[in-house]
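Engineer: This is the structure I want to talk about, given as structure tokens.
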Amino acid sequence: MTRRPAIHEAEAHVVTSHGADFFGEDRHPLKMLASLAGYAEGCLSREERGPLVLLLTNPGEGGTMTPAQATEMAQLLRKLARHRFVKTSAAAHARALSDAAARAAADGEPWQWRIEAAA
């Protein structure tokens, strides 16, 4: 048994459409998106990382991507998740984001996200 408290401070999250849970959403902490942006800057080429780093560092209050943009983001996030220097937890978040974007593109629907502040 650990002496670490089980209660954690609430964090702001990004909620994306076309996720894997019952409601069709995924939740990712903003800290993890900033971490993914750092990995993208180090692991992807300059041409590839531009739009991805912009999305991860500044998700705004919410946004929408067309199916074509979602396809491009899905490919970049999948490439990032497979990179050998990306840690396992960050790769899992990148893969989940990639899958959500790919589902949106496959359905021909826009991929949407919003910020939920810490309560």
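Chain lettering (A, B, ...) mirrors the order of the structure tokens, residue numbering begins at 1 for each chain separately, and ligand numbering begins at 1 in order of display.
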Within 12 Å of region 71-76 of chain A, counting only C-alpha atoms, which residues show up once you throw out same-chain ones fewer than 4 positions away? Write them as a count of residues only, please.
Structural biologist: 43
Engineer: Considering only alpha helix (DSSP H) as DSSP defines it on the backbone, what residues of region 14-112 of chain A qualify? List them as a PyMOL selection string.
Structural biologist: chain A and resi 30-43+46-57+67-82+88-107
Engineer: Quick one: residues within 9 Å of Met32 (chain A), only C-alpha atoms, excluding same-chain residues fewer than 6 positions away - as a ChimeraX atom specification?
Structural biologist: /A:89-90,93
Engineer: Could you save those same residues with all heavy atoms as a PDB file, in the first residue's frame?
Structural biologist:
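New file selection32.pdb:
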```pdb
ATOM      1  N   SER A  89       3.462   6.476 -22.655  1.00  0.00           N
ATOM      2  CA  SER A  89       2.224   7.170 -22.301  1.00  0.00           C
ATOM      3  C   SER A  89       1.882   8.249 -23.326  1.00  0.00           C
ATOM      4  O   SER A  89       0.714   8.413 -23.699  1.00  0.00           O
ATOM      5  CB  SER A  89       2.326   7.779 -20.906  1.00  0.00           C
ATOM      6  OG  SER A  89       3.365   8.734 -20.859  1.00  0.00           O
ATOM      7  N   ALA A  90       2.879   8.972 -23.783  1.00  0.00           N
ATOM      8  CA  ALA A  90       2.638   9.991 -24.810  1.00  0.00           C
ATOM      9  C   ALA A  90       2.236   9.343 -26.125  1.00  0.00           C
ATOM     10  O   ALA A  90       1.348   9.848 -26.831  1.00  0.00           O
ATOM     11  CB  ALA A  90       3.884  10.848 -25.006  1.00  0.00           C
ATOM     12  N   HIS A  93      -1.469   8.466 -26.079  1.00  0.00           N
ATOM     13  CA  HIS A  93      -2.336   9.619 -26.335  1.00  0.00           C
ATOM     14  C   HIS A  93      -2.300  10.001 -27.814  1.00  0.00           C
ATOM     15  O   HIS A  93      -3.338  10.321 -28.401  1.00  0.00           O
ATOM     16  CB  HIS A  93      -1.922  10.808 -25.467  1.00  0.00           C
ATOM     17  CG  HIS A  93      -2.382  10.697 -24.057  1.00  0.00           C
ATOM     18  ND1 HIS A  93      -3.660  11.013 -23.662  1.00  0.00           N
ATOM     19  CD2 HIS A  93      -1.740  10.301 -22.938  1.00  0.00           C
ATOM     20  CE1 HIS A  93      -3.786  10.820 -22.360  1.00  0.00           C
ATOM     21  NE2 HIS A  93      -2.618  10.381 -21.898  1.00  0.00           N
TER      22      HIS A  93
END
```
Engineer: Which residues come within 10 Å of Pro59 (chain A), counting only C-alpha atoms, excluding same-chain residues fewer than 6 positions away, as a list in words?
Structural biologist: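 Listing them by chain and then by number gives Val14, Leu30, Leu33, Ala34, Val53, Trp113, Arg114 and Ile115 of chain A.
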Engineer: Kindly export the residues of the current selection with N, CA and C atoms, as an mmCIF file, in the first residue's frame.
Structural biologist:
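Here's the written file out-v2.cif:
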```cif
data_model
loop_
_atom_site.group_PDB
_atom_site.id
_atom_site.type_symbol
_atom_site.label_atom_id
_atom_site.label_comp_id
_atom_site.auth_asym_id
_atom_site.auth_seq_id
_atom_site.Cartn_x
_atom_site.Cartn_y
_atom_site.Cartn_z
ATOM 1 N N VAL A 14 -8.747 18.425 -23.057
ATOM 2 C CA VAL A 14 -9.284 18.591 -24.398
ATOM 3 C C VAL A 14 -10.184 17.391 -24.643
ATOM 4 N N LEU A 30 -4.330 18.790 -21.054
ATOM 5 C CA LEU A 30 -3.596 19.804 -21.807
ATOM 6 C C LEU A 30 -2.089 19.636 -21.633
ATOM 7 N N LEU A 33 -0.873 17.238 -24.213
ATOM 8 C CA LEU A 33 -0.793 17.814 -25.559
ATOM 9 C C LEU A 33 0.469 18.650 -25.707
ATOM 10 N N ALA A 34 0.825 19.388 -24.666
ATOM 11 C CA ALA A 34 2.075 20.171 -24.715
ATOM 12 C C ALA A 34 3.278 19.239 -24.814
ATOM 13 N N VAL A 53 2.121 20.789 -34.540
ATOM 14 C CA VAL A 53 2.609 21.516 -33.366
ATOM 15 C C VAL A 53 1.693 22.696 -33.064
ATOM 16 N N TRP A 113 -13.107 19.462 -31.325
ATOM 17 C CA TRP A 113 -12.580 19.388 -29.968
ATOM 18 C C TRP A 113 -12.987 20.617 -29.215
ATOM 19 N N ARG A 114 -12.985 20.488 -27.886
ATOM 20 C CA ARG A 114 -13.294 21.608 -27.004
ATOM 21 C C ARG A 114 -12.472 21.464 -25.732
ATOM 22 N N ILE A 115 -12.306 22.565 -25.018
ATOM 23 C CA ILE A 115 -11.541 22.574 -23.777
ATOM 24 C C ILE A 115 -12.535 22.528 -22.620
#
```
Engineer: Pick the closest to Thr16 (chain A) from A:Thr88, A:Lys79, A:Ala70, A:Gln112: which is it, counting only C-alpha atoms?
Structural biologist: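 The shortest atom-to-atom distance to Thr16 (chain A) comes from A:Gln112.
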Engineer: From a DSSP calculation on the backbone, collect every residue of region 13-70 of chain A in strand (DSSP E or B) and output the set as number ranges by chain.
Structural biologist: A: 13-17, 25-29, 62-65
Engineer: Quick one, how far is CA of His28 (chain A) from CA of Arg3 (chain A)?
Structural biologist: 26.5 Å
Engineer: Suppose you want the space between CA of Ala91 (chain A) and CA of Arg27 (chain A); what is it in Å?
Structural biologist: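 Interatomic distance, CA of Ala91 (chain A) to CA of Arg27 (chain A): 14.8 Å.
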Engineer: Would you compute the distance between CA of Ala12 (chain A) and CA of Pro29 (chain A)? Give it in Å to one decimal.
Structural biologist: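 One can read the CA of Ala12 (chain A) to CA of Pro29 (chain A) distance as 6.1 Å.
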